[in-house]
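Undergrad: Structure provided below as structure tokens; questions to follow.
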Amino acid sequence: MKVLVINCGSSSLKYQLIDSETESVLAKGLCERIGIDGALTHQPAGKDKIKSTPAMPDHKTAIGIVIDQLTDKENGVVESLDEIGAVGHRIVHGGEKFTKSCLITDEVIKEVEECSVFAPLHNPAGLIGVRACQELMPGLPMVAVFDTAFHQTMPEKAFLYGIPRKYYDEDGIRRYGFHGTSHQFVSLETAKVLGKDIKDLKIIVCHLGNGASVTAVKGGESVDTSMGLTPLEGLIMGTRSGDLDPAIIEFIANKENKTASEVLNILNKESGVYGLSGVSSDFRDVKAARAEGNKVAAAALDAYAYRVAKYIGAYTAAMNGVDAIAFTAGLGENDDITRKAICEYLGYLGTELDEVKNDVHGETAIISTDDSKVTLLCVPTNEELMIARDTVALVK
Ligand code: ADP
């Protein structure tokens with residue numbers, strides 16, 4: 001079956017058309033500046049990227065343009081829409097309601113709307129994509145795949161915050177976790193590489209992209225994860241602070257005469273490696289600055305690696321051991337230097353990084369020595385493929 005995977009943001013839309021039998025990408029692309037002017041990058045498999053600037057006043061128009069591209073005589077990859085069997089949508093927040101992917105119905109849409117309180121930018125954007133697809137591809141089965149669903153197996157002790165219980169009972173304030181599709185995909189791949197049943201494994205997945213999170217996966221289930229009610233908690237990220245003393249929020253608010261939301265904006269968009277280094281949110285730029293002797297940039301990268309290592313320690317304790325640690329996403333897949341910096345803290349676990357094998361970028365590989373007590377891996381994530389797999393499983 002050919003599955004269209006849609007990842008809709010407030011002004012952008014990523015898409016992939018995936019052949020589920022071969023698990024290959026037939027075409028992929030990105031619509032940007034929706035509602036502003038419009039920019040399209042479309043790439044049929046094996047061909048060059050095609051860039052254009054069609055007007056995209058809204059998401060429906062953008063999806064119409066995507067359909068035109070996919071069915072285009074010259075650069076298209078299908079004869080007509082009839083060849084597409086289903087659409088899989090990435091939805092960020094599924095609250096406690098959605099413990100796995102599901103077929104989209106009116107009821108599901110209503111419940112996703114209710115989960116929007118915790119993802120006020122992302123969930124409405126996801127639903128705009130769903131509605132636009134429903135209008136343009138009526139009758140086609142659609143599936144919602146949630147970033148939070150994989151983490152719904154976390155035990156209460158892992159998801160409760162130490163605040164009055166009523167905020168959980170009445171308002172659902174708890175750890176939800178994100179990047180679930182990626183953590184699930186990478187843990188499954190890790191088990192495959194190790195040639196073992198995932199049920200017998202304790203895996204720590206480090207998803208290190210611009211947004212970043214670590215998950216403890218025991219027996220194939222998420223038992224703890226570093227992001228919380230929102231994606232702000234946990235690791236130091238590109239622009240997000242990650243964990244901090246909540247009292248800092250009041251301090252910054254008073255000092256800068258800002259509201260709580262304005263301070264949260266600083267913690268989300270002006271903090272992390274960007275805020276610490278003053279250089280960039282892109283790790284390549286910060287590493288280049290460090291190489292030129294920028295000490296503040298070096299301190300930011302040290303703090304970053306140290307925080308990841310602390311989470312690995314915590315999750316080893318949470319699972320009473322660890323068999324494998326997998327690195328994924330932009331930085332985890334490509335940055336051997338940061339992987340090495342993190343692994344330098346892990347000697348107490350009996351891990352041994354193989355520096356030759358660690359020289360790997362964007363490929364699945366074991367990067368530890370044969371003697372290492374814990375297997376270290378680089379595993380490229382593929383959230384779109386995971387969405388396509390879930391979609392097919394529900395539609396068939
Ligand atoms: P997201 O999906 O959260 O935007 P990605 O997983 O695409 O993020 O990761 C993007 C980040 O990966 C970039 O900010 C960049 O800093 C980092 N990155 C990509 N390649 C490298 C590399 N070779 N070295 C260091 N960092 C890299």
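Every chain in the structure tokens takes a letter, A first, then B, and so on in the order presented; its residues are numbered from 1, and the ligands are numbered from 1 following the presented order.
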May I have the residues within 7 Å of segment 382-389 of chain A as a list in words, using only C-alpha atoms and disregarding those fewer than 6 positions away in the same chain?

TA: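 Listed by chain and then number, they are Val3, Val5, Ile18, Ser20, Gly88, Val145, Thr181, Ser182 and Phe185 of chain A.
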
Undergrad: Residues up to 7 Å from ligand 1, counting only C-alpha atoms and all ligand atoms: could you list those as a ChimeraX atom specification?

TA: /A:208-212,238,281-284,329-331,334-335

Undergrad: Determine which residues of segment 72-257 of chain A DSSP labels as strand (DSSP E or B) from the backbone of this structure, then write them out as a ChimeraX atom specification.

TA: /A:84-91,102-103,142-146,202-208,212-218,221-225

Undergrad: Deliver the residues from the most recent selection as a file, using N, CA and C atoms, as a compact mmCIF listing (two decimals), in the first residue's frame.

TA:
```
# COMPACT_ATOMS: atom_id res chain seq x y z
N ILE A 84 -3.15 5.89 -3.75
CA ILE A 84 -2.79 6.11 -2.33
C ILE A 84 -3.85 5.42 -1.46
N GLY A 85 -3.37 4.55 -0.54
CA GLY A 85 -4.30 3.74 0.24
C GLY A 85 -4.73 4.36 1.55
N ALA A 86 -3.89 5.26 2.10
CA ALA A 86 -4.22 5.84 3.40
C ALA A 86 -3.31 7.02 3.66
N VAL A 87 -3.71 7.84 4.64
CA VAL A 87 -2.88 8.97 5.07
C VAL A 87 -2.58 8.81 6.56
N GLY A 88 -1.31 8.97 6.92
CA GLY A 88 -0.91 8.93 8.33
C GLY A 88 -0.53 10.32 8.77
N HIS A 89 -1.13 10.79 9.86
CA HIS A 89 -0.85 12.14 10.35
C HIS A 89 -0.08 12.10 11.65
N ARG A 90 0.96 12.89 11.74
CA ARG A 90 1.65 13.04 13.02
C ARG A 90 0.87 14.04 13.88
N ILE A 91 0.50 13.61 15.08
CA ILE A 91 -0.17 14.49 16.03
C ILE A 91 0.70 14.54 17.28
N CYS A 102 -4.40 5.54 16.08
CA CYS A 102 -5.79 5.13 15.85
C CYS A 102 -6.33 5.72 14.56
N LEU A 103 -7.38 5.08 14.03
CA LEU A 103 -8.08 5.60 12.85
C LEU A 103 -8.76 6.90 13.23
N MET A 142 -7.71 7.61 7.32
CA MET A 142 -6.63 8.42 7.89
C MET A 142 -6.35 7.94 9.31
N VAL A 143 -5.06 8.01 9.66
CA VAL A 143 -4.64 7.51 10.96
C VAL A 143 -3.87 8.62 11.69
N ALA A 144 -4.09 8.72 13.00
CA ALA A 144 -3.34 9.66 13.83
C ALA A 144 -2.27 8.90 14.60
N VAL A 145 -1.04 9.39 14.51
CA VAL A 145 0.08 8.78 15.23
C VAL A 145 0.62 9.85 16.18
N PHE A 146 0.65 9.54 17.46
CA PHE A 146 0.93 10.54 18.49
C PHE A 146 2.37 10.47 19.00
N LYS A 202 17.03 -3.98 27.83
CA LYS A 202 16.92 -2.66 28.46
C LYS A 202 17.71 -1.70 27.60
N ILE A 203 17.01 -0.77 26.97
CA ILE A 203 17.65 0.12 25.99
C ILE A 203 17.46 1.57 26.42
N ILE A 204 18.49 2.38 26.29
CA ILE A 204 18.33 3.83 26.48
C ILE A 204 18.50 4.49 25.11
N VAL A 205 17.47 5.21 24.69
CA VAL A 205 17.53 5.89 23.40
C VAL A 205 17.76 7.38 23.65
N CYS A 206 18.82 7.91 23.03
CA CYS A 206 19.12 9.34 23.14
C CYS A 206 18.76 9.98 21.80
N HIS A 207 17.61 10.67 21.75
CA HIS A 207 17.19 11.39 20.54
C HIS A 207 17.73 12.80 20.67
N LEU A 208 18.84 13.06 19.96
CA LEU A 208 19.52 14.34 20.11
C LEU A 208 19.42 15.13 18.81
N ALA A 212 15.47 17.55 22.04
CA ALA A 212 16.20 16.34 22.42
C ALA A 212 15.56 15.69 23.63
N SER A 213 15.57 14.36 23.64
CA SER A 213 15.05 13.65 24.81
C SER A 213 15.70 12.28 24.92
N VAL A 214 15.70 11.75 26.14
CA VAL A 214 16.24 10.42 26.41
C VAL A 214 15.10 9.56 26.93
N THR A 215 15.04 8.30 26.50
CA THR A 215 13.98 7.41 26.99
C THR A 215 14.58 6.08 27.46
N ALA A 216 14.04 5.59 28.58
CA ALA A 216 14.38 4.25 29.07
C ALA A 216 13.34 3.29 28.51
N VAL A 217 13.80 2.33 27.70
CA VAL A 217 12.88 1.37 27.07
C VAL A 217 13.17 -0.02 27.62
N LYS A 218 12.25 -0.54 28.42
CA LYS A 218 12.46 -1.85 29.06
C LYS A 218 11.45 -2.83 28.47
N GLU A 221 8.94 -1.31 26.13
CA GLU A 221 8.02 -0.27 26.59
C GLU A 221 8.77 0.89 27.21
N SER A 222 8.27 2.11 26.98
CA SER A 222 8.86 3.28 27.61
C SER A 222 8.53 3.24 29.10
N VAL A 223 9.58 3.29 29.95
CA VAL A 223 9.33 3.31 31.40
C VAL A 223 9.70 4.67 32.01
N ASP A 224 10.42 5.48 31.28
CA ASP A 224 10.67 6.86 31.71
C ASP A 224 11.23 7.64 30.53
N THR A 225 11.01 8.94 30.55
CA THR A 225 11.51 9.78 29.46
C THR A 225 11.73 11.19 29.98
```

Undergrad: Quick one: residues within 7 Å of segment 293-309 of chain A, only C-alpha atoms counted, chain neighbours fewer than 3 positions away excluded, as a list in words?

TA: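 Returned residues: Leu235, Ile236, Val273, Leu276, Ser277, Val286, Ala289, Arg290, Ile312, Gly313, Thr338, Ala341, Ile342 and Tyr345 of chain A.
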
Undergrad: Between atom CA of Glu344 of chain A and atom CA of Ser187 of chain A, what is the spacing in Å?

TA: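 Separation between atom CA of Ser187 of chain A and atom CA of Glu344 of chain A: 22.3 Å.
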
Undergrad: Taking only C-alpha atoms into account, name the residue in A:Pro120, A:Tyr168, A:Gly220, A:Lys373 that is nearest to Lys192 of chain A.

TA: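 Once distances to Lys192 of chain A are computed over only C-alpha atoms, the minimum belongs to A:Gly220.
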
Undergrad: Which is closer to Pro44 of chain A than all the others in A:Glu74, A:Asp200, A:Glu270, A:Glu135, using only C-alpha atoms?

TA: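 Using only C-alpha atoms, Pro44 of chain A sits closest to A:Glu74.
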
Undergrad: Taking the DSSP secondary structure from the backbone, can you list the residues of segment 246-348 of chain A that are helix (DSSP H, G or I), as a ChimeraX atom specification?

TA: /A:247-256,260-269,272-277,283-291,295-319,329-334,336-343,347-348

Undergrad: Show me, as number ranges by chain, the residues that have an atom within 10 Å of Ile34 of chain A when counting only C-alpha atoms, minus same-chain residues fewer than 2 positions from it.

TA: A: 9-13, 31-32, 36-40, 55-62

Undergrad: For the selection you just gave me, I'd like the residues written to a file as a PDB file, in the first residue's frame, keeping N, CA, C and O atoms.

TA:
```
ATOM      1  N   GLY A   9       2.837  21.571  10.589  1.00  0.00           N
ATOM      2  CA  GLY A   9       3.117  22.608  11.588  1.00  0.00           C
ATOM      3  C   GLY A   9       2.242  23.820  11.318  1.00  0.00           C
ATOM      4  O   GLY A   9       1.422  23.797  10.402  1.00  0.00           O
ATOM      5  N   SER A  10       2.422  24.876  12.110  1.00  0.00           N
ATOM      6  CA  SER A  10       1.530  26.016  11.947  1.00  0.00           C
ATOM      7  C   SER A  10       1.746  26.737  10.618  1.00  0.00           C
ATOM      8  O   SER A  10       0.801  27.238  10.023  1.00  0.00           O
ATOM      9  N   SER A  11       2.980  26.769  10.120  1.00  0.00           N
ATOM     10  CA  SER A  11       3.203  27.420   8.824  1.00  0.00           C
ATOM     11  C   SER A  11       3.982  26.522   7.858  1.00  0.00           C
ATOM     12  O   SER A  11       4.423  26.976   6.807  1.00  0.00           O
ATOM     13  N   SER A  12       4.151  25.253   8.238  1.00  0.00           N
ATOM     14  CA  SER A  12       4.898  24.349   7.351  1.00  0.00           C
ATOM     15  C   SER A  12       4.212  22.988   7.305  1.00  0.00           C
ATOM     16  O   SER A  12       3.348  22.691   8.138  1.00  0.00           O
ATOM     17  N   LEU A  13       4.608  22.197   6.339  1.00  0.00           N
ATOM     18  CA  LEU A  13       4.015  20.863   6.185  1.00  0.00           C
ATOM     19  C   LEU A  13       5.035  19.955   5.507  1.00  0.00           C
ATOM     20  O   LEU A  13       5.505  20.250   4.417  1.00  0.00           O
ATOM     21  N   CYS A  31       6.425  21.982   2.437  1.00  0.00           N
ATOM     22  CA  CYS A  31       5.781  23.258   2.123  1.00  0.00           C
ATOM     23  C   CYS A  31       6.102  24.210   3.267  1.00  0.00           C
ATOM     24  O   CYS A  31       5.906  23.856   4.426  1.00  0.00           O
ATOM     25  N   GLU A  32       6.597  25.378   2.938  1.00  0.00           N
ATOM     26  CA  GLU A  32       6.935  26.352   3.977  1.00  0.00           C
ATOM     27  C   GLU A  32       6.216  27.663   3.716  1.00  0.00           C
ATOM     28  O   GLU A  32       5.713  27.893   2.627  1.00  0.00           O
ATOM     29  N   ILE A  36       1.787  32.837   4.501  1.00  0.00           N
ATOM     30  CA  ILE A  36       2.604  34.053   4.285  1.00  0.00           C
ATOM     31  C   ILE A  36       2.698  34.266   2.770  1.00  0.00           C
ATOM     32  O   ILE A  36       2.007  35.107   2.214  1.00  0.00           O
ATOM     33  N   ASP A  37       3.549  33.455   2.110  1.00  0.00           N
ATOM     34  CA  ASP A  37       3.547  33.492   0.641  1.00  0.00           C
ATOM     35  C   ASP A  37       3.543  32.053   0.078  1.00  0.00           C
ATOM     36  O   ASP A  37       2.659  31.678  -0.640  1.00  0.00           O
ATOM     37  N   GLY A  38       4.521  31.258   0.503  1.00  0.00           N
ATOM     38  CA  GLY A  38       4.529  29.869   0.042  1.00  0.00           C
ATOM     39  C   GLY A  38       5.829  29.481  -0.637  1.00  0.00           C
ATOM     40  O   GLY A  38       6.329  30.211  -1.500  1.00  0.00           O
ATOM     41  N   ALA A  39       6.407  28.353  -0.206  1.00  0.00           N
ATOM     42  CA  ALA A  39       7.618  27.822  -0.836  1.00  0.00           C
ATOM     43  C   ALA A  39       7.535  26.301  -0.777  1.00  0.00           C
ATOM     44  O   ALA A  39       7.183  25.732   0.254  1.00  0.00           O
ATOM     45  N   LEU A  40       7.855  25.671  -1.903  1.00  0.00           N
ATOM     46  CA  LEU A  40       7.733  24.215  -1.985  1.00  0.00           C
ATOM     47  C   LEU A  40       9.067  23.591  -2.391  1.00  0.00           C
ATOM     48  O   LEU A  40       9.729  24.074  -3.313  1.00  0.00           O
ATOM     49  N   ALA A  55       1.691  30.094  -4.534  1.00  0.00           N
ATOM     50  CA  ALA A  55       1.003  30.763  -3.424  1.00  0.00           C
ATOM     51  C   ALA A  55       0.365  29.715  -2.524  1.00  0.00           C
ATOM     52  O   ALA A  55      -0.267  28.771  -3.002  1.00  0.00           O
ATOM     53  N   MET A  56       0.563  29.853  -1.212  1.00  0.00           N
ATOM     54  CA  MET A  56      -0.021  28.916  -0.230  1.00  0.00           C
ATOM     55  C   MET A  56      -0.731  29.721   0.857  1.00  0.00           C
ATOM     56  O   MET A  56      -0.213  29.859   1.970  1.00  0.00           O
ATOM     57  N   PRO A  57      -1.920  30.234   0.527  1.00  0.00           N
ATOM     58  CA  PRO A  57      -2.624  31.044   1.532  1.00  0.00           C
ATOM     59  C   PRO A  57      -3.084  30.221   2.739  1.00  0.00           C
ATOM     60  O   PRO A  57      -3.256  30.771   3.820  1.00  0.00           O
ATOM     61  N   ASP A  58      -3.276  28.924   2.547  1.00  0.00           N
ATOM     62  CA  ASP A  58      -3.691  28.085   3.679  1.00  0.00           C
ATOM     63  C   ASP A  58      -3.223  26.640   3.459  1.00  0.00           C
ATOM     64  O   ASP A  58      -2.681  26.296   2.407  1.00  0.00           O
ATOM     65  N   HIS A  59      -3.455  25.797   4.489  1.00  0.00           N
ATOM     66  CA  HIS A  59      -2.965  24.412   4.434  1.00  0.00           C
ATOM     67  C   HIS A  59      -3.675  23.588   3.360  1.00  0.00           C
ATOM     68  O   HIS A  59      -3.090  22.681   2.778  1.00  0.00           O
ATOM     69  N   LYS A  60      -4.962  23.904   3.136  1.00  0.00           N
ATOM     70  CA  LYS A  60      -5.699  23.144   2.121  1.00  0.00           C
ATOM     71  C   LYS A  60      -5.061  23.354   0.745  1.00  0.00           C
ATOM     72  O   LYS A  60      -4.864  22.400  -0.020  1.00  0.00           O
ATOM     73  N   THR A  61      -4.716  24.595   0.474  1.00  0.00           N
ATOM     74  CA  THR A  61      -4.046  24.880  -0.805  1.00  0.00           C
ATOM     75  C   THR A  61      -2.710  24.133  -0.869  1.00  0.00           C
ATOM     76  O   THR A  61      -2.355  23.547  -1.896  1.00  0.00           O
ATOM     77  N   ALA A  62      -1.978  24.153   0.249  1.00  0.00           N
ATOM     78  CA  ALA A  62      -0.666  23.488   0.271  1.00  0.00           C
ATOM     79  C   ALA A  62      -0.823  21.990  -0.019  1.00  0.00           C
ATOM     80  O   ALA A  62      -0.071  21.427  -0.832  1.00  0.00           O
TER      81      ALA A  62
END
```

Undergrad: Just the number, please: distance in Å from atom CA of Ile366 of chain A to atom CA of Leu346 of chain A, one decimal.

TA: 16.1 Å

Undergrad: In Å to one decimal, how far is atom CA of Leu232 of chain A from atom CA of Phe118 of chain A?

TA: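 Separating atom CA of Phe118 of chain A from atom CA of Leu232 of chain A is a distance of 11.7 Å.
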
Undergrad: Would you please work out which residue, of A:Val322, A:Leu267, A:Thr230, A:Gln152, is nearest to Asp245 of chain A when using only C-alpha atoms?

TA: A:Leu267
